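Next up, input-v4.txt (compact mmCIF, C-alpha atoms):
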```
# COMPACT_ATOMS: atom_id res chain seq x y z
CA MET R 1 -44.05 -12.71 -13.96
CA ALA R 2 -47.46 -13.57 -15.40
CA ASP R 3 -49.16 -13.07 -12.02
CA ASP R 4 -47.77 -9.52 -11.88
CA ILE R 5 -49.17 -8.43 -15.25
CA ALA R 6 -51.42 -5.40 -14.85
CA ARG R 7 -53.74 -3.69 -17.29
CA THR R 8 -52.76 -0.33 -18.76
CA GLN R 9 -53.62 2.54 -16.43
CA LEU R 10 -54.50 6.10 -17.43
CA ILE R 11 -52.15 8.94 -16.50
CA GLY R 12 -52.73 12.69 -16.87
CA ALA R 13 -50.29 15.30 -18.16
CA GLU R 14 -49.72 16.84 -14.72
CA LYS R 15 -48.98 13.49 -13.12
CA LEU R 16 -46.57 12.57 -15.93
CA VAL R 17 -44.66 15.82 -15.41
CA ALA R 18 -44.48 15.16 -11.68
CA LEU R 19 -43.20 11.66 -12.41
CA LEU R 20 -40.54 12.94 -14.81
CA GLU R 21 -39.39 15.73 -12.49
CA SER R 22 -39.34 13.66 -9.30
CA GLY R 23 -36.02 12.09 -10.23
CA THR R 24 -36.96 8.97 -8.28
CA ALA R 25 -38.80 7.07 -10.99
CA ASN R 26 -37.20 5.27 -13.93
CA VAL R 27 -39.65 6.36 -16.65
CA LEU R 28 -39.72 4.97 -20.17
CA LEU R 29 -41.68 7.36 -22.39
CA ILE R 30 -42.92 5.99 -25.75
CA ASP R 31 -44.39 8.01 -28.63
CA SER R 32 -46.47 5.64 -30.78
CA ARG R 33 -47.29 8.13 -33.55
CA PRO R 34 -45.93 8.02 -37.13
CA PHE R 35 -42.39 9.36 -37.49
CA VAL R 36 -43.45 12.50 -39.37
CA GLU R 37 -45.64 13.59 -36.44
CA TYR R 38 -42.93 12.65 -33.92
CA ASN R 39 -40.29 14.53 -35.89
CA THR R 40 -42.46 17.64 -36.05
CA SER R 41 -42.82 17.74 -32.26
CA HIS R 42 -42.75 15.31 -29.34
CA ILE R 43 -42.35 15.19 -25.57
CA LEU R 44 -38.76 15.52 -24.38
CA GLU R 45 -36.90 12.19 -24.07
CA ALA R 46 -39.71 10.22 -25.76
CA ILE R 47 -38.74 7.22 -27.89
CA ASN R 48 -40.62 6.89 -31.18
CA ILE R 49 -41.86 3.40 -31.99
CA ASN R 50 -43.14 3.52 -35.54
CA CYS R 51 -46.67 2.27 -36.15
CA SER R 52 -46.09 0.57 -39.50
CA LYS R 53 -48.14 -2.35 -40.75
CA LEU R 54 -45.01 -4.49 -40.83
CA MET R 55 -44.09 -3.65 -37.25
CA LYS R 56 -47.58 -4.47 -36.05
CA ARG R 57 -47.59 -7.85 -37.78
CA ARG R 58 -44.14 -8.84 -36.47
CA LEU R 59 -45.15 -7.96 -32.92
CA GLN R 60 -48.38 -9.92 -33.20
CA GLN R 61 -46.52 -12.98 -34.49
CA ASP R 62 -43.86 -12.67 -31.76
CA LYS R 63 -41.17 -12.41 -34.42
CA LEU R 64 -39.99 -9.23 -32.70
CA LEU R 65 -39.61 -8.76 -28.94
CA ILE R 66 -40.91 -5.49 -27.53
CA THR R 67 -37.67 -5.01 -25.58
CA GLU R 68 -35.66 -5.50 -28.78
CA LEU R 69 -37.86 -2.97 -30.55
CA ILE R 70 -37.37 -0.41 -27.77
CA GLN R 71 -33.58 -0.78 -27.89
CA HIS R 72 -33.56 -0.43 -31.67
CA SER R 73 -35.80 2.65 -31.64
CA ALA R 74 -33.88 4.49 -28.91
CA LYS R 75 -31.07 6.88 -29.82
CA GLN R 76 -28.94 5.38 -27.06
CA LYS R 77 -28.89 2.21 -24.99
CA VAL R 78 -31.94 1.92 -22.71
CA GLU R 79 -31.83 0.13 -19.37
CA ILE R 80 -34.81 -2.24 -19.37
CA ASP R 81 -36.34 -2.96 -15.96
CA PHE R 82 -39.55 -4.91 -15.36
CA ASN R 83 -40.43 -2.60 -12.46
CA GLN R 84 -39.99 0.71 -14.29
CA GLU R 85 -42.83 3.03 -15.24
CA VAL R 86 -43.77 2.96 -18.92
CA VAL R 87 -45.88 5.77 -20.37
CA VAL R 88 -47.23 5.56 -23.92
CA TYR R 89 -48.98 8.27 -25.89
CA ASP R 90 -50.54 8.74 -29.31
CA GLN R 91 -51.96 11.89 -30.85
CA SER R 92 -55.13 12.40 -28.80
CA SER R 93 -56.67 9.25 -27.25
CA LYS R 94 -58.46 10.16 -24.00
CA ASP R 95 -58.51 6.67 -22.47
CA VAL R 96 -57.80 3.01 -23.22
CA SER R 97 -61.41 2.28 -24.20
CA SER R 98 -61.23 4.88 -26.99
CA VAL R 99 -58.35 3.06 -28.69
CA SER R 100 -59.39 0.80 -31.59
CA PRO R 101 -58.87 -2.93 -30.86
CA ASP R 102 -57.22 -3.31 -34.28
CA SER R 103 -54.79 -0.43 -33.88
CA PHE R 104 -51.02 -0.62 -33.50
CA LEU R 105 -51.35 1.12 -30.13
CA THR R 106 -53.48 -1.75 -28.79
CA VAL R 107 -50.89 -4.30 -29.91
CA LEU R 108 -48.09 -2.20 -28.42
CA LEU R 109 -49.82 -1.84 -25.04
CA GLY R 110 -50.52 -5.57 -24.93
CA LYS R 111 -46.86 -6.43 -25.48
CA LEU R 112 -45.70 -3.86 -22.93
CA GLU R 113 -48.09 -5.26 -20.31
CA LYS R 114 -46.34 -8.63 -20.60
CA SER R 115 -42.88 -7.13 -20.14
CA PHE R 116 -43.41 -4.33 -17.61
CA ARG R 117 -45.30 -4.09 -14.32
CA TYR R 118 -46.46 -0.47 -14.70
CA VAL R 119 -47.86 0.59 -18.09
CA HIS R 120 -49.73 3.87 -18.56
CA LEU R 121 -51.55 5.61 -21.42
CA LEU R 122 -51.28 9.40 -21.46
CA SER R 123 -54.79 10.84 -21.35
CA GLY R 124 -55.44 13.16 -24.28
CA GLY R 125 -52.19 12.12 -25.95
CA PHE R 126 -49.66 14.56 -27.33
CA VAL R 127 -52.29 17.18 -28.14
CA ALA R 128 -53.38 17.57 -24.51
CA PHE R 129 -49.82 17.42 -23.14
CA SER R 130 -48.37 19.96 -25.59
CA ASN R 131 -51.23 22.39 -24.87
CA CYS R 132 -50.49 22.23 -21.13
CA PHE R 133 -46.70 21.96 -21.25
CA PRO R 134 -45.34 23.29 -24.59
CA GLY R 135 -41.97 23.93 -22.96
CA LEU R 136 -41.51 20.20 -22.38
CA CYS R 137 -41.84 19.40 -26.08
CA GLU R 138 -39.26 19.53 -28.84
CA GLY R 139 -39.05 18.83 -32.57
CA LYS R 140 -38.34 20.18 -36.01
CA SER R 141 -40.12 20.49 -39.32
CA ALA R 142 -40.04 17.43 -41.50
CA ILE R 143 -37.81 17.75 -44.55
CA VAL R 144 -39.76 16.93 -47.71
CA PRO R 145 -37.71 15.92 -50.78
CA THR R 146 -38.22 18.21 -53.76
CA CYS R 147 -36.86 15.89 -56.42
CA ILE R 148 -37.15 12.31 -57.60
CA SER R 149 -34.45 9.91 -56.42
CA GLN R 150 -31.42 9.49 -58.67
CA PRO R 151 -30.26 5.86 -58.25
CA CYS R 152 -27.38 6.18 -60.71
CA LEU R 153 -25.56 9.02 -58.96
CA PRO R 154 -22.14 7.88 -57.65
CA VAL R 155 -22.24 7.55 -53.88
CA ALA R 156 -19.96 5.95 -51.33
CA ASN R 157 -20.98 2.37 -50.59
CA LEU R 158 -21.19 1.92 -46.83
CA GLY R 159 -23.04 -1.40 -46.93
CA PRO R 160 -26.68 -2.17 -46.04
CA THR R 161 -28.47 -0.03 -43.46
CA ARG R 162 -30.45 -1.73 -40.70
CA ILE R 163 -33.91 -0.15 -40.55
CA LEU R 164 -35.46 -2.74 -38.20
CA PRO R 165 -34.12 -5.74 -36.32
CA HIS R 166 -33.43 -8.36 -39.04
CA LEU R 167 -34.46 -5.95 -41.83
CA TYR R 168 -31.93 -4.08 -43.99
CA LEU R 169 -32.01 -1.61 -46.87
CA GLY R 170 -29.25 -1.93 -49.42
CA CYS R 171 -28.28 -1.68 -53.07
CA GLN R 172 -27.44 -4.18 -55.82
CA ARG R 173 -23.74 -4.07 -54.89
CA ASP R 174 -24.58 -5.09 -51.32
CA VAL R 175 -26.79 -7.97 -52.40
CA LEU R 176 -24.16 -9.43 -54.74
CA ASN R 177 -21.51 -9.36 -51.99
CA LYS R 178 -21.83 -12.83 -50.46
CA GLU R 179 -19.42 -12.14 -47.60
CA LEU R 180 -21.24 -8.92 -46.66
CA MET R 181 -24.61 -10.67 -46.73
CA GLN R 182 -23.33 -13.46 -44.49
CA GLN R 183 -21.76 -10.98 -42.05
CA ASN R 184 -25.16 -9.37 -41.55
CA ASP R 185 -26.98 -12.73 -41.52
CA ILE R 186 -29.16 -11.70 -44.49
CA ALA R 187 -30.81 -14.72 -46.11
CA TYR R 188 -33.80 -13.20 -47.94
CA VAL R 189 -33.84 -10.57 -50.69
CA LEU R 190 -36.74 -8.36 -51.81
CA ASN R 191 -35.62 -6.83 -55.11
CA ALA R 192 -37.44 -3.73 -56.40
CA SER R 193 -36.25 -3.59 -60.01
CA ASN R 194 -36.74 -5.05 -63.47
CA THR R 195 -33.15 -5.95 -64.18
CA CYS R 196 -31.03 -6.43 -61.05
CA PRO R 197 -29.87 -10.07 -61.01
CA LYS R 198 -30.62 -12.62 -58.31
CA PRO R 199 -27.45 -13.59 -56.40
CA ASP R 200 -26.38 -17.17 -57.13
CA PHE R 201 -26.11 -17.94 -53.41
CA ILE R 202 -29.72 -16.92 -52.66
CA PRO R 203 -32.31 -19.71 -53.25
CA GLU R 204 -35.34 -18.94 -55.43
CA SER R 205 -37.62 -19.37 -52.40
CA HIS R 206 -35.67 -16.63 -50.58
CA PHE R 207 -35.92 -14.11 -53.43
CA LEU R 208 -38.84 -11.91 -54.47
CA ARG R 209 -38.71 -9.52 -57.39
CA VAL R 210 -41.04 -6.52 -57.54
CA PRO R 211 -40.71 -5.48 -61.21
CA VAL R 212 -40.83 -1.69 -60.93
CA ASN R 213 -38.63 1.19 -62.02
CA ASP R 214 -37.37 3.93 -59.71
CA SER R 215 -40.00 6.45 -60.81
CA PHE R 216 -42.88 8.31 -59.19
CA CYS R 217 -45.09 7.01 -62.03
CA GLU R 218 -44.77 3.38 -60.94
CA LYS R 219 -47.75 1.69 -59.30
CA ILE R 220 -46.44 -0.25 -56.31
CA LEU R 221 -49.71 -0.73 -54.42
CA PRO R 222 -50.50 -4.11 -56.09
CA TRP R 223 -47.22 -5.46 -54.73
CA LEU R 224 -47.45 -4.25 -51.14
CA ASP R 225 -49.34 -7.17 -49.58
CA LYS R 226 -47.09 -9.75 -51.21
CA SER R 227 -43.99 -7.81 -50.20
CA VAL R 228 -45.11 -7.49 -46.56
CA GLU R 229 -45.90 -11.22 -46.46
CA PHE R 230 -42.46 -12.02 -47.86
CA ILE R 231 -40.70 -9.77 -45.34
CA GLY R 232 -42.72 -11.38 -42.55
CA GLN R 233 -41.09 -14.74 -43.32
```
In structure tokens, what does this structure look like?
Amino acid sequence: MADDIARTQLIGAEKLVALLESGTANVLLIDSRPFVEYNTSHILEAININCSKLMKRRLQQDKLLITELIQHSAKQKVEIDFNQEVVVYDQSSKDVSSVSPDSFLTVLLGKLEKSFRYVHLLSGGFVAFSNCFPGLCEGKSAIVPTCISQPCLPVANLGPTRILPHLYLGCQRDVLNKELMQQNDIAYVLNASNTCPKPDFIPESHFLRVPVNDSFCEKILPWLDKSVEFIGQ
């Protein structure tokens, strides 16, 4: 497969539309913008792959396969084929040379090039495409919360929620349930509280406490780097 790896090629909006409407090509369309921008509006059938710092680091360290990330990000099962056409777009990059070497998009394209034969970057990004073909875009306004979270409100406990492969979001009740933790193969706990206890079955080296309260007044920035490093383990 290594001999077949090709560099990312540029594709224009008109050619992408022709590719999508031909019905003969198996096209995988990836939106690499932040979720808020994707949720506001995106090209029809595009899969959003979030450009978080954590995602970037896990991809760089090969702790997360690009094919696994695609399947997780898609709303339904995606058929992965080495020979299919992959088209990636950001907000407005005109060509590959204009993309910063340190950006998430550069990392994403590099990983895609190793897994697919045909990888393209949409020239002008979403801005250029939506100006030319607004009818081929969809989305909705982002919902912004108007109140502070209320952690003590009684809610149904449905267990931890998987937000990334091997990364879950849960509550104290989930963490203290040994059977539930083992079922989901969760071995590390990042605890954002001052008082929630460490489970007896979790070793000290697998537990990190961020001593903050659930309040908009809390300063969490000093803990971000340490938390990301812990999650990266």
Determine, for each residue of region 67-106 of chain R having at least one atom at most 7 Å from an atom of region 10-28 of chain R, the closest pair of atoms and their separation in Å to one decimal, counting all atoms listed in the file; order by chain and ascending number, as JSON lines.
```
{"residue": "R:Gln84", "atom": "CA", "partner": "R:Asn26", "partner_atom": "CA", "distance": 5.4}
{"residue": "R:Glu85", "atom": "CA", "partner": "R:Val27", "partner_atom": "CA", "distance": 4.8}
{"residue": "R:Val86", "atom": "CA", "partner": "R:Leu28", "partner_atom": "CA", "distance": 4.7}
{"residue": "R:Val87", "atom": "CA", "partner": "R:Leu28", "partner_atom": "CA", "distance": 6.2}
{"residue": "R:Asp95", "atom": "CA", "partner": "R:Leu10", "partner_atom": "CA", "distance": 6.5}
```
Shortest contact to Glu45 (chain R), candidates R:Asn131, R:Thr8, R:Ser98, R:Gln76, atoms counted all atoms listed in the file, goes to R:Gln76
Counting all atoms listed in the file, the residue among R:Val212, R:Val189, R:Leu69, R:Val88 that lies closest to Pro160 (chain R) is R:Val189
Name the closest residue to Lys53 (chain R) among the candidates R:Lys77, R:Ser103, R:Ile66, R:Gln183; distances are taken between atoms, counting only C-alpha atoms.
-> R:Ser103
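Residue neighbourhood of Asn48 (chain R), excluding near-sequence residues (fewer than 3 positions): R:Ile30, R:Asp31, R:Ser32, R:Arg33, R:Phe35, R:Tyr38, R:Ser73, R:Ala74, at 8 Å, using only C-alpha atoms.
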Please, what distance in Å, to one decimal, runs between CA of Phe116 (chain R) and CA of Ser92 (chain R)?
-> 23.3 Å
CA of Asn177 (chain R) and CA of Cys196 (chain R) are how many Å apart?
-> 13.5 Å
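The interatomic distance for the pair CA of Phe104 (chain R) and CA of Cys51 (chain R) works out to 5.9 Å.
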For Lys63 (chain R): contacts at 12 Å, all atoms listed in the file, fewer than 4 positions along chain excluded, given as a short mmCIF file (atom, residue, chain, number, x, y, z; two decimals) with C-alpha atoms, keeping the file's coordinate frame:
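Final file, around39.cif:
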```
data_model
loop_
_atom_site.label_atom_id
_atom_site.label_comp_id
_atom_site.auth_asym_id
_atom_site.auth_seq_id
_atom_site.Cartn_x
_atom_site.Cartn_y
_atom_site.Cartn_z
CA LEU R 54 -45.01 -4.49 -40.83
CA MET R 55 -44.09 -3.65 -37.25
CA LYS R 56 -47.58 -4.47 -36.05
CA ARG R 57 -47.59 -7.85 -37.78
CA ARG R 58 -44.14 -8.84 -36.47
CA LEU R 59 -45.15 -7.96 -32.92
CA GLU R 68 -35.66 -5.50 -28.78
CA LEU R 69 -37.86 -2.97 -30.55
CA LEU R 164 -35.46 -2.74 -38.20
CA PRO R 165 -34.12 -5.74 -36.32
CA HIS R 166 -33.43 -8.36 -39.04
CA LEU R 167 -34.46 -5.95 -41.83
CA ILE R 231 -40.70 -9.77 -45.34
CA GLY R 232 -42.72 -11.38 -42.55
CA GLN R 233 -41.09 -14.74 -43.32
#
```
Which polymer residues have any atom within 12 Å of an atom of Tyr168 (chain R), counting only C-alpha atoms, with same-chain residues fewer than 6 positions away left out, as a list in words?
-> Gly159, Pro160, Thr161, Arg162, Asp174, Val175, Met181, Asn184, Asp185, Ile186, Ala187, Tyr188, Val189, Leu190 and Ile231 of chain R
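Each of R:Ser41, R:Gln182, R:Ser193, R:Ser227 was checked against Asn213 (chain R) using only C-alpha atoms; the smallest atom-to-atom distance is that of R:Ser193.
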Put the listed atoms of region 197-213 of chain R in a box along x, y and z with 6 Å added on every side and give me the centre and edge lengths in Å to one decimal, as lines of an AutoDock Vina configuration file.
```
center_x = -33.6
center_y = -9.3
center_z = -56.3
size_x = 26.9
size_y = 32.9
size_z = 23.4
```
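Shortest atom-to-atom contact with Ile80 (chain R) among R:Ser130, R:Thr67, R:Gln9, R:Ser93: R:Thr67, counting all atoms listed in the file.
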